[in-house]
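Engineer: Coordinates in query-v5.cif, mmCIF, C-alpha atoms and all ligand atoms, are listed below.
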```
data_my_file
loop_
_atom_site.label_atom_id
_atom_site.label_comp_id
_atom_site.auth_asym_id
_atom_site.auth_seq_id
_atom_site.Cartn_x
_atom_site.Cartn_y
_atom_site.Cartn_z
CA MET A 255 10.59 -15.72 -14.17
CA SER A 256 7.82 -13.09 -14.29
CA SER A 257 8.65 -9.44 -13.89
CA TYR A 258 6.54 -6.66 -12.46
CA PRO A 259 7.91 -3.25 -13.48
CA THR A 260 6.57 0.00 -11.97
CA PRO A 261 5.63 2.38 -14.80
CA THR A 262 4.33 5.96 -14.59
CA LEU A 263 0.53 6.21 -15.03
CA ALA A 264 -1.55 9.36 -15.44
CA THR A 265 -5.19 9.82 -14.37
CA ALA A 266 -7.37 12.94 -14.57
CA ARG A 267 -5.92 14.46 -11.37
CA LEU A 268 -3.03 12.20 -10.36
CA VAL A 269 0.27 10.76 -11.49
CA LEU A 270 1.30 7.33 -10.19
CA ARG A 271 5.07 6.99 -10.45
CA PRO A 272 8.03 5.12 -8.92
CA LEU A 273 9.29 6.54 -5.62
CA VAL A 274 12.58 8.48 -5.59
CA ALA A 275 14.96 9.35 -2.76
CA THR A 276 13.67 12.95 -2.53
CA ASP A 277 10.17 11.64 -1.59
CA ALA A 278 11.38 10.78 1.93
CA GLU A 279 9.98 13.84 3.76
CA ALA A 280 6.58 13.64 2.04
CA LEU A 281 6.35 9.88 2.61
CA PHE A 282 7.26 10.37 6.27
CA ALA A 283 4.49 12.96 6.60
CA VAL A 284 1.94 10.38 5.36
CA PHE A 285 2.98 7.43 7.53
CA SER A 286 3.85 9.34 10.72
CA ASP A 287 0.18 10.38 11.01
CA PRO A 288 -1.65 8.15 13.55
CA ALA A 289 -4.91 8.66 11.62
CA VAL A 290 -3.37 7.11 8.48
CA VAL A 291 -2.03 4.02 10.27
CA ARG A 292 -5.07 3.58 12.55
CA TYR A 293 -6.11 0.44 10.63
CA TRP A 294 -2.66 -0.35 9.22
CA SER A 295 -0.55 -3.33 10.29
CA ALA A 296 2.24 -1.14 11.74
CA GLU A 297 2.82 1.73 14.17
CA PRO A 298 3.26 5.33 12.94
CA TRP A 299 6.76 6.14 11.71
CA THR A 300 8.78 8.14 14.22
CA SER A 301 11.64 9.40 12.05
CA VAL A 302 12.36 10.12 8.40
CA ALA A 303 14.75 7.13 8.46
CA PHE A 304 11.65 4.86 8.16
CA ALA A 305 10.77 6.59 4.90
CA GLU A 306 14.35 6.34 3.63
CA GLN A 307 14.34 2.60 4.35
CA ALA A 308 10.97 2.15 2.63
CA ILE A 309 12.27 4.00 -0.44
CA ALA A 310 15.46 1.89 -0.45
CA ARG A 311 13.28 -1.26 -0.44
CA ALA A 312 11.17 0.18 -3.25
CA LEU A 313 14.30 0.91 -5.33
CA ASP A 314 15.43 -2.71 -4.78
CA SER A 315 12.04 -3.96 -5.95
CA TYR A 316 12.22 -1.74 -9.07
CA ARG A 317 15.64 -3.22 -9.93
CA ALA A 318 14.36 -6.78 -9.39
CA GLN A 319 10.94 -5.97 -10.90
CA SER A 320 9.54 -7.96 -8.00
CA GLU A 321 6.82 -5.56 -6.73
CA VAL A 322 4.93 -2.54 -8.04
CA ARG A 323 5.24 0.45 -5.68
CA PHE A 324 3.69 3.70 -6.84
CA GLY A 325 3.91 7.11 -5.25
CA ILE A 326 0.61 8.98 -5.71
CA VAL A 327 1.32 12.54 -6.81
CA LEU A 328 -1.12 15.42 -7.43
CA ALA A 329 -0.80 16.26 -11.13
CA ASP A 330 -1.20 20.02 -10.65
CA THR A 331 1.36 20.53 -7.84
CA GLY A 332 3.64 17.47 -7.99
CA ALA A 333 3.06 16.87 -4.25
CA LEU A 334 3.38 13.24 -3.13
CA VAL A 335 0.23 12.43 -1.14
CA GLY A 336 0.25 8.65 -0.81
CA THR A 337 1.19 5.24 -2.13
CA VAL A 338 -0.44 2.27 -3.80
CA ASN A 339 1.39 -1.03 -4.00
CA LEU A 340 0.89 -4.33 -5.81
CA HIS A 341 2.82 -7.00 -3.95
CA HIS A 342 2.94 -10.70 -2.97
CA PHE A 343 2.77 -11.76 -6.59
CA PHE A 344 2.15 -15.42 -7.40
CA ALA A 345 3.11 -15.70 -11.07
CA GLN A 346 1.68 -19.16 -11.69
CA ASN A 347 -1.71 -18.13 -10.26
CA ARG A 348 -1.61 -14.63 -11.77
CA ARG A 349 -2.55 -12.93 -8.52
CA CYS A 350 -1.22 -10.33 -6.09
CA GLU A 351 -2.28 -8.18 -3.13
CA ILE A 352 -2.97 -4.45 -3.12
CA GLY A 353 -2.23 -1.90 -0.39
CA TYR A 354 -2.76 1.87 -0.33
CA ALA A 355 -2.65 4.95 1.88
CA LEU A 356 -3.30 8.64 1.39
CA ALA A 357 -2.33 11.66 3.52
CA SER A 358 -5.30 12.43 5.76
CA GLY A 359 -5.53 16.04 4.53
CA HIS A 360 -6.52 14.66 1.12
CA TRP A 361 -9.17 12.10 2.15
CA GLY A 362 -12.71 12.24 0.82
CA ARG A 363 -11.96 13.66 -2.64
CA GLY A 364 -11.97 10.39 -4.56
CA TYR A 365 -8.18 10.27 -4.94
CA ALA A 366 -7.85 6.71 -3.61
CA SER A 367 -10.56 5.43 -5.96
CA GLU A 368 -8.87 7.21 -8.88
CA ALA A 369 -5.39 5.89 -8.00
CA LEU A 370 -6.59 2.31 -7.42
CA GLU A 371 -8.52 2.32 -10.68
CA ALA A 372 -5.29 3.09 -12.57
CA ALA A 373 -3.20 0.58 -10.59
CA ILE A 374 -5.81 -2.18 -11.07
CA GLY A 375 -6.10 -1.45 -14.79
CA TYR A 376 -2.32 -1.86 -15.01
CA ALA A 377 -2.46 -5.12 -13.03
CA PHE A 378 -5.06 -6.70 -15.32
CA GLN A 379 -4.06 -5.26 -18.69
CA GLY A 380 -0.35 -4.53 -18.27
CA LEU A 381 0.62 -7.48 -16.06
CA ASP A 382 -2.06 -9.95 -17.20
CA LEU A 383 -3.14 -10.80 -13.66
CA ASN A 384 -6.40 -12.61 -12.95
CA ARG A 385 -7.02 -11.79 -9.30
CA ILE A 386 -6.18 -9.05 -6.75
CA GLU A 387 -6.62 -9.50 -3.00
CA ALA A 388 -7.01 -6.95 -0.21
CA ASP A 389 -6.99 -7.45 3.54
CA ILE A 390 -8.62 -4.69 5.58
CA ASP A 391 -9.75 -3.98 9.12
CA PRO A 392 -13.57 -4.31 9.34
CA ARG A 393 -13.72 -0.89 11.06
CA ASN A 394 -12.03 0.77 8.07
CA GLY A 395 -15.22 1.98 6.37
CA ALA A 396 -13.47 4.28 3.88
CA SER A 397 -11.22 1.49 2.66
CA ALA A 398 -14.16 -0.92 2.28
CA ALA A 399 -16.10 1.75 0.35
CA VAL A 400 -13.19 2.25 -2.06
CA LEU A 401 -12.80 -1.50 -2.67
CA GLU A 402 -16.53 -2.12 -3.15
CA ARG A 403 -16.85 0.84 -5.51
CA LEU A 404 -14.11 -0.76 -7.65
CA GLY A 405 -15.86 -4.14 -7.73
CA PHE A 406 -14.05 -6.08 -4.99
CA ARG A 407 -16.23 -8.67 -3.24
CA LYS A 408 -16.09 -9.64 0.41
CA GLU A 409 -14.79 -13.21 0.57
CA GLY A 410 -13.83 -13.99 4.12
CA TYR A 411 -13.34 -12.94 7.72
CA MET A 412 -10.34 -13.75 9.92
CA PRO A 413 -10.75 -12.81 13.60
CA GLU A 414 -7.78 -11.53 15.61
CA ARG A 415 -5.34 -11.81 12.72
CA TRP A 416 -3.16 -8.85 13.77
CA PHE A 417 -1.82 -7.48 17.04
CA VAL A 418 -1.19 -3.80 16.50
CA HIS A 419 -1.71 -0.53 18.41
CA GLY A 420 -2.03 -2.61 21.58
CA GLU A 421 -5.03 -4.69 20.48
CA MET A 422 -6.01 -7.68 18.40
CA ALA A 423 -7.57 -6.68 15.09
CA ASP A 424 -9.71 -8.68 12.66
CA THR A 425 -9.36 -8.92 8.87
CA VAL A 426 -11.96 -8.82 6.14
CA ASN A 427 -10.69 -10.44 2.95
CA TYR A 428 -11.68 -8.86 -0.35
CA GLY A 429 -11.03 -10.20 -3.86
CA LEU A 430 -11.35 -8.75 -7.34
CA LEU A 431 -11.36 -11.06 -10.36
CA ARG A 432 -10.43 -9.77 -13.76
CA ARG A 433 -13.86 -10.85 -15.04
CA TYR A 434 -15.64 -8.78 -12.35
CA TRP A 435 -13.52 -5.83 -13.50
CA ASN A 436 -14.32 -6.39 -17.18
CA GLU A 437 -18.03 -6.81 -16.40
CA ARG A 438 -18.28 -3.47 -14.57
CA PRO A 439 -20.93 -1.17 -16.08
C1 LIG A 501 -8.79 4.32 2.70
C2 LIG A 501 -8.31 5.62 2.05
C3 LIG A 501 -7.15 5.29 1.12
C4 LIG A 501 -9.47 6.25 1.26
O1 LIG A 501 -8.96 7.39 0.59
P1 LIG A 501 -9.93 8.51 -0.04
O2 LIG A 501 -9.18 9.21 -1.11
O3 LIG A 501 -10.52 9.31 1.06
O4 LIG A 501 -11.01 7.60 -0.69
P2 LIG A 501 -12.12 8.07 -1.73
O5 LIG A 501 -12.38 9.54 -1.54
O6 LIG A 501 -11.72 7.58 -3.07
O7 LIG A 501 -13.38 7.24 -1.25
C5 LIG A 501 -13.70 7.19 0.10
C6 LIG A 501 -15.05 6.50 0.21
O8 LIG A 501 -15.22 6.10 1.56
C7 LIG A 501 -16.42 6.65 2.07
N1 LIG A 501 -16.14 6.82 3.48
C8 LIG A 501 -15.32 7.70 4.07
N2 LIG A 501 -15.29 7.47 5.41
C9 LIG A 501 -16.12 6.41 5.63
C10 LIG A 501 -16.50 5.70 6.79
N3 LIG A 501 -16.01 6.01 7.99
N4 LIG A 501 -17.37 4.67 6.65
C11 LIG A 501 -17.85 4.33 5.45
N5 LIG A 501 -17.51 4.95 4.30
C12 LIG A 501 -16.65 6.00 4.40
C13 LIG A 501 -16.61 7.91 1.28
O9 LIG A 501 -17.96 8.32 1.29
C14 LIG A 501 -16.19 7.42 -0.11
O10 LIG A 501 -17.18 6.61 -0.70
P3 LIG A 501 -17.98 7.12 -1.98
O11 LIG A 501 -16.96 7.56 -2.97
O12 LIG A 501 -18.76 5.93 -2.40
O13 LIG A 501 -18.79 8.27 -1.46
C15 LIG A 501 -7.84 6.64 3.10
O14 LIG A 501 -8.87 6.83 4.02
C16 LIG A 501 -6.58 6.22 3.82
O15 LIG A 501 -5.47 6.45 3.33
N6 LIG A 501 -6.72 5.62 5.01
C17 LIG A 501 -5.57 5.24 5.79
C18 LIG A 501 -4.80 4.09 5.18
C19 LIG A 501 -5.66 2.88 5.00
O16 LIG A 501 -6.48 2.58 5.86
N7 LIG A 501 -5.46 2.18 3.89
C20 LIG A 501 -6.21 0.98 3.58
C21 LIG A 501 -5.76 -0.15 4.36
S1 LIG A 501 -5.07 -1.39 3.29
#
```
For this file, write the structure as structure tokens.

Structural biologist:
Amino acid sequence: MSSYPTPTLATARLVLRPLVATDAEALFAVFSDPAVVRYWSAEPWTSVAFAEQAIARALDSYRAQSEVRFGIVLADTGALVGTVNLHHFFAQNRRCEIGYALASGHWGRGYASEALEAAIGYAFQGLDLNRIEADIDPRNGASAAVLERLGFRKEGYMPERWFVHGEMADTVNYGLLRRYWNERP
């Protein structure tokens, strides 16, 4: 059986590390913000208990080495400002999905691109994956920009795939092959 441990990774400005119980308040601050979950597949969190449950699930996945769930932390202050996850692994096919979110007060500074670059490098080099998939709302321009900057290609379109925030929402499917990643300039 394949295993997918969550290590600690350092970038120029960020540390990606496993979540811990004391991250609950900071995690709640990220996912209780309607702007953050505007194009997410769930409603904003309404109490810190949601964060505690998410952290408990993350700790289970660390023990089982079944999913990679990073907290994104600013290197200079230690503040937790978001998450990036590698999940839905298919060992035989060497692929997984990626998901990510950042506190809205920190958008537009390149943090998501920097965090995803580290997580993707780990997926291809550390975990020997061949393919990473992402599923985003077509209205989520910032998310599309991050994916395309990292070499993901648009592969498909699924209308009315989600019902969330009181409306049907479409999906754009993106994929990144290891060879696209290795061929980047
Ligand atoms: C998507 C998200 C992670 C981006 O984080 P970020 O740190 O601001 O991203 P970066 O600064 O690395 O890059 C943002 C890019 O989007 C571009 N951008 C921002 N808003 C945009 C918009 N409305 N339309 C098009 N592009 C946009 C920026 O110009 C930048 O591109 P560039 O680097 O080529 O100039 C952040 O907006 C977020 O957490 N959103 C809520 C959660 C979410 O939607 N997650 C993805 C769903 S799976």

Engineer: Could you produce a table of the residues of range 290-366 of chain A lying within 12 Å of range 261-282 of chain A, with the nearest pair of atoms per residue and their separation in Å rounded to one decimal, using only C-alpha atoms, ordered by chain and increasing residue number, as JSON lines?

Structural biologist:
```
{"residue": "A:Val290", "atom": "CA", "partner": "A:Phe282", "partner_atom": "CA", "distance": 11.3}
{"residue": "A:Val291", "atom": "CA", "partner": "A:Phe282", "partner_atom": "CA", "distance": 11.9}
{"residue": "A:Pro298", "atom": "CA", "partner": "A:Phe282", "partner_atom": "CA", "distance": 9.3}
{"residue": "A:Trp299", "atom": "CA", "partner": "A:Phe282", "partner_atom": "CA", "distance": 6.9}
{"residue": "A:Thr300", "atom": "CA", "partner": "A:Phe282", "partner_atom": "CA", "distance": 8.4}
{"residue": "A:Ser301", "atom": "CA", "partner": "A:Phe282", "partner_atom": "CA", "distance": 7.3}
{"residue": "A:Val302", "atom": "CA", "partner": "A:Phe282", "partner_atom": "CA", "distance": 5.5}
{"residue": "A:Ala303", "atom": "CA", "partner": "A:Ala278", "partner_atom": "CA", "distance": 8.2}
{"residue": "A:Phe304", "atom": "CA", "partner": "A:Phe282", "partner_atom": "CA", "distance": 7.3}
{"residue": "A:Ala305", "atom": "CA", "partner": "A:Ala278", "partner_atom": "CA", "distance": 5.2}
{"residue": "A:Glu306", "atom": "CA", "partner": "A:Ala278", "partner_atom": "CA", "distance": 5.6}
{"residue": "A:Gln307", "atom": "CA", "partner": "A:Ala278", "partner_atom": "CA", "distance": 9.0}
{"residue": "A:Ala308", "atom": "CA", "partner": "A:Ala278", "partner_atom": "CA", "distance": 8.7}
{"residue": "A:Ile309", "atom": "CA", "partner": "A:Ala275", "partner_atom": "CA", "distance": 6.4}
{"residue": "A:Ala310", "atom": "CA", "partner": "A:Ala275", "partner_atom": "CA", "distance": 7.8}
{"residue": "A:Arg311", "atom": "CA", "partner": "A:Leu273", "partner_atom": "CA", "distance": 10.2}
{"residue": "A:Ala312", "atom": "CA", "partner": "A:Leu273", "partner_atom": "CA", "distance": 7.0}
{"residue": "A:Leu313", "atom": "CA", "partner": "A:Leu273", "partner_atom": "CA", "distance": 7.5}
{"residue": "A:Asp314", "atom": "CA", "partner": "A:Leu273", "partner_atom": "CA", "distance": 11.1}
{"residue": "A:Ser315", "atom": "CA", "partner": "A:Pro272", "partner_atom": "CA", "distance": 10.4}
{"residue": "A:Tyr316", "atom": "CA", "partner": "A:Pro272", "partner_atom": "CA", "distance": 8.0}
{"residue": "A:Arg317", "atom": "CA", "partner": "A:Pro272", "partner_atom": "CA", "distance": 11.3}
{"residue": "A:Gln319", "atom": "CA", "partner": "A:Pro261", "partner_atom": "CA", "distance": 10.6}
{"residue": "A:Glu321", "atom": "CA", "partner": "A:Pro272", "partner_atom": "CA", "distance": 11.0}
{"residue": "A:Val322", "atom": "CA", "partner": "A:Pro272", "partner_atom": "CA", "distance": 8.3}
{"residue": "A:Arg323", "atom": "CA", "partner": "A:Pro272", "partner_atom": "CA", "distance": 6.3}
{"residue": "A:Phe324", "atom": "CA", "partner": "A:Pro272", "partner_atom": "CA", "distance": 5.0}
{"residue": "A:Gly325", "atom": "CA", "partner": "A:Arg271", "partner_atom": "CA", "distance": 5.3}
{"residue": "A:Ile326", "atom": "CA", "partner": "A:Leu270", "partner_atom": "CA", "distance": 4.8}
{"residue": "A:Val327", "atom": "CA", "partner": "A:Val269", "partner_atom": "CA", "distance": 5.1}
{"residue": "A:Leu328", "atom": "CA", "partner": "A:Leu268", "partner_atom": "CA", "distance": 4.8}
{"residue": "A:Ala329", "atom": "CA", "partner": "A:Leu268", "partner_atom": "CA", "distance": 4.7}
{"residue": "A:Asp330", "atom": "CA", "partner": "A:Arg267", "partner_atom": "CA", "distance": 7.3}
{"residue": "A:Thr331", "atom": "CA", "partner": "A:Leu268", "partner_atom": "CA", "distance": 9.7}
{"residue": "A:Gly332", "atom": "CA", "partner": "A:Val269", "partner_atom": "CA", "distance": 8.3}
{"residue": "A:Ala333", "atom": "CA", "partner": "A:Ala280", "partner_atom": "CA", "distance": 7.9}
{"residue": "A:Leu334", "atom": "CA", "partner": "A:Ala280", "partner_atom": "CA", "distance": 6.1}
{"residue": "A:Val335", "atom": "CA", "partner": "A:Ala280", "partner_atom": "CA", "distance": 7.2}
{"residue": "A:Gly336", "atom": "CA", "partner": "A:Leu281", "partner_atom": "CA", "distance": 7.1}
{"residue": "A:Thr337", "atom": "CA", "partner": "A:Leu270", "partner_atom": "CA", "distance": 8.3}
{"residue": "A:Val338", "atom": "CA", "partner": "A:Leu270", "partner_atom": "CA", "distance": 8.3}
{"residue": "A:Asn339", "atom": "CA", "partner": "A:Pro272", "partner_atom": "CA", "distance": 10.3}
{"residue": "A:Tyr354", "atom": "CA", "partner": "A:Leu270", "partner_atom": "CA", "distance": 12.0}
{"residue": "A:Ala355", "atom": "CA", "partner": "A:Leu281", "partner_atom": "CA", "distance": 10.3}
{"residue": "A:Leu356", "atom": "CA", "partner": "A:Leu281", "partner_atom": "CA", "distance": 9.8}
{"residue": "A:Ala357", "atom": "CA", "partner": "A:Leu281", "partner_atom": "CA", "distance": 8.9}
{"residue": "A:Arg363", "atom": "CA", "partner": "A:Arg267", "partner_atom": "CA", "distance": 10.6}
{"residue": "A:Gly364", "atom": "CA", "partner": "A:Arg267", "partner_atom": "CA", "distance": 10.0}
{"residue": "A:Tyr365", "atom": "CA", "partner": "A:Leu268", "partner_atom": "CA", "distance": 7.7}
{"residue": "A:Ala366", "atom": "CA", "partner": "A:Leu268", "partner_atom": "CA", "distance": 9.9}
```

Engineer: Please identify every residue of chain A that has at least one atom no farther than 9 Å from an atom of ligand LIG 501 (chain A), counting all atoms listed in the file, and for each give the shortest atom pair and the distance in Å to one decimal, arranged by chain then increasing number, as a Markdown table.

Structural biologist:
```
| residue | atom | partner | partner_atom | distance |
| --- | --- | --- | --- | --- |
| A:Val284 | CA | A:LIG501 | O15 | 8.6 |
| A:Phe285 | CA | A:LIG501 | C18 | 8.8 |
| A:Ala289 | CA | A:LIG501 | C17 | 6.8 |
| A:Val290 | CA | A:LIG501 | C17 | 3.9 |
| A:Val291 | CA | A:LIG501 | C18 | 5.8 |
| A:Arg292 | CA | A:LIG501 | O16 | 6.9 |
| A:Tyr293 | CA | A:LIG501 | O16 | 5.2 |
| A:Trp294 | CA | A:LIG501 | C21 | 5.8 |
| A:Ser295 | CA | A:LIG501 | C21 | 8.5 |
| A:Gly336 | CA | A:LIG501 | O15 | 7.4 |
| A:Thr337 | CA | A:LIG501 | O15 | 8.7 |
| A:Val338 | CA | A:LIG501 | C3 | 8.9 |
| A:Ile352 | CA | A:LIG501 | S1 | 7.4 |
| A:Gly353 | CA | A:LIG501 | S1 | 4.7 |
| A:Tyr354 | CA | A:LIG501 | N7 | 5.0 |
| A:Ala355 | CA | A:LIG501 | O15 | 3.5 |
| A:Leu356 | CA | A:LIG501 | O15 | 3.6 |
| A:Ala357 | CA | A:LIG501 | O15 | 6.1 |
| A:Ser358 | CA | A:LIG501 | O15 | 6.5 |
| A:His360 | CA | A:LIG501 | O2 | 6.5 |
| A:Trp361 | CA | A:LIG501 | O3 | 3.3 |
| A:Gly362 | CA | A:LIG501 | O5 | 3.6 |
| A:Arg363 | CA | A:LIG501 | O5 | 4.3 |
| A:Gly364 | CA | A:LIG501 | O5 | 3.2 |
| A:Tyr365 | CA | A:LIG501 | O2 | 4.1 |
| A:Ala366 | CA | A:LIG501 | O2 | 3.8 |
| A:Ser367 | CA | A:LIG501 | O6 | 3.8 |
| A:Glu368 | CA | A:LIG501 | O6 | 6.5 |
| A:Ala369 | CA | A:LIG501 | O6 | 8.2 |
| A:Leu370 | CA | A:LIG501 | O6 | 8.5 |
| A:Ala388 | CA | A:LIG501 | S1 | 6.9 |
| A:Asp389 | CA | A:LIG501 | S1 | 6.4 |
| A:Ile390 | CA | A:LIG501 | S1 | 5.4 |
| A:Asp391 | CA | A:LIG501 | C21 | 7.3 |
| A:Arg393 | CA | A:LIG501 | N3 | 7.9 |
| A:Asn394 | CA | A:LIG501 | O16 | 6.2 |
| A:Gly395 | CA | A:LIG501 | N4 | 3.5 |
| A:Ala396 | CA | A:LIG501 | O8 | 3.4 |
| A:Ser397 | CA | A:LIG501 | C1 | 3.7 |
| A:Ala398 | CA | A:LIG501 | N5 | 7.1 |
| A:Ala399 | CA | A:LIG501 | O8 | 4.6 |
| A:Val400 | CA | A:LIG501 | O7 | 5.1 |
| A:Leu401 | CA | A:LIG501 | C6 | 8.8 |
| A:Glu402 | CA | A:LIG501 | O12 | 8.4 |
| A:Arg403 | CA | A:LIG501 | O12 | 6.3 |
```

Engineer: Around the point (-16.5, -10.0, 0.5) in the file's coordinates, collect all residues with an atom within 8 Å, using all atoms listed in the file, and return them as a list in words.

Structural biologist: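 Residues with an atom at most 8 Å from (-16.5, -10.0, 0.5): Phe406, Arg407, Lys408, Glu409, Gly410, Val426, Asn427, Tyr428 and Gly429 of chain A.
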
Engineer: Select, from A:Trp416, A:Tyr411, A:Phe378, A:Tyr258, the residue with the minimum atom-to-atom distance to Trp435 in chain A, counting all atoms listed in the file.

Structural biologist: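 Selected residue with least distance to Trp435 in chain A: A:Phe378.
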
Engineer: Between CA of Val418 in chain A and CA of Glu297 in chain A, what distance in Å does the model show, to one decimal?

Structural biologist: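 Going from CA of Val418 in chain A over to CA of Glu297 in chain A, I get 7.2 Å.
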
Engineer: Could you check which of A:Arg432, A:Arg385, A:Arg415, A:Arg438 is closest to Ala345 in chain A, using only C-alpha atoms?

Structural biologist: A:Arg385

Engineer: In Å, with one decimal, what is the gap from CA of Ala296 in chain A to CA of Phe344 in chain A?

Structural biologist: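 According to the coordinates, CA of Ala296 in chain A and CA of Phe344 in chain A are separated by 23.9 Å.
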
Engineer: With distances taken over only C-alpha atoms, which residue among A:Ser286, A:Thr260, A:Gln346, A:Thr425 lies nearest Ala377 in chain A?

Structural biologist: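 When distances to Ala377 in chain A are compared using only C-alpha atoms, the smallest one comes from A:Thr260.
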
Engineer: In Å, how far is it from CA of Glu351 in chain A to CA of Ser320 in chain A?

Structural biologist: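 Between CA of Glu351 in chain A and CA of Ser320 in chain A the gap works out to 12.8 Å.
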
Engineer: Have a look at A:Ala318, A:Ala372, A:Leu404, A:Ile386 and name the one nearest to Leu340 in chain A; count all atoms listed in the file.

Structural biologist: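 Ranking A:Ala318, A:Ala372, A:Leu404, A:Ile386 by distance to Leu340 in chain A, first place goes to A:Ile386.
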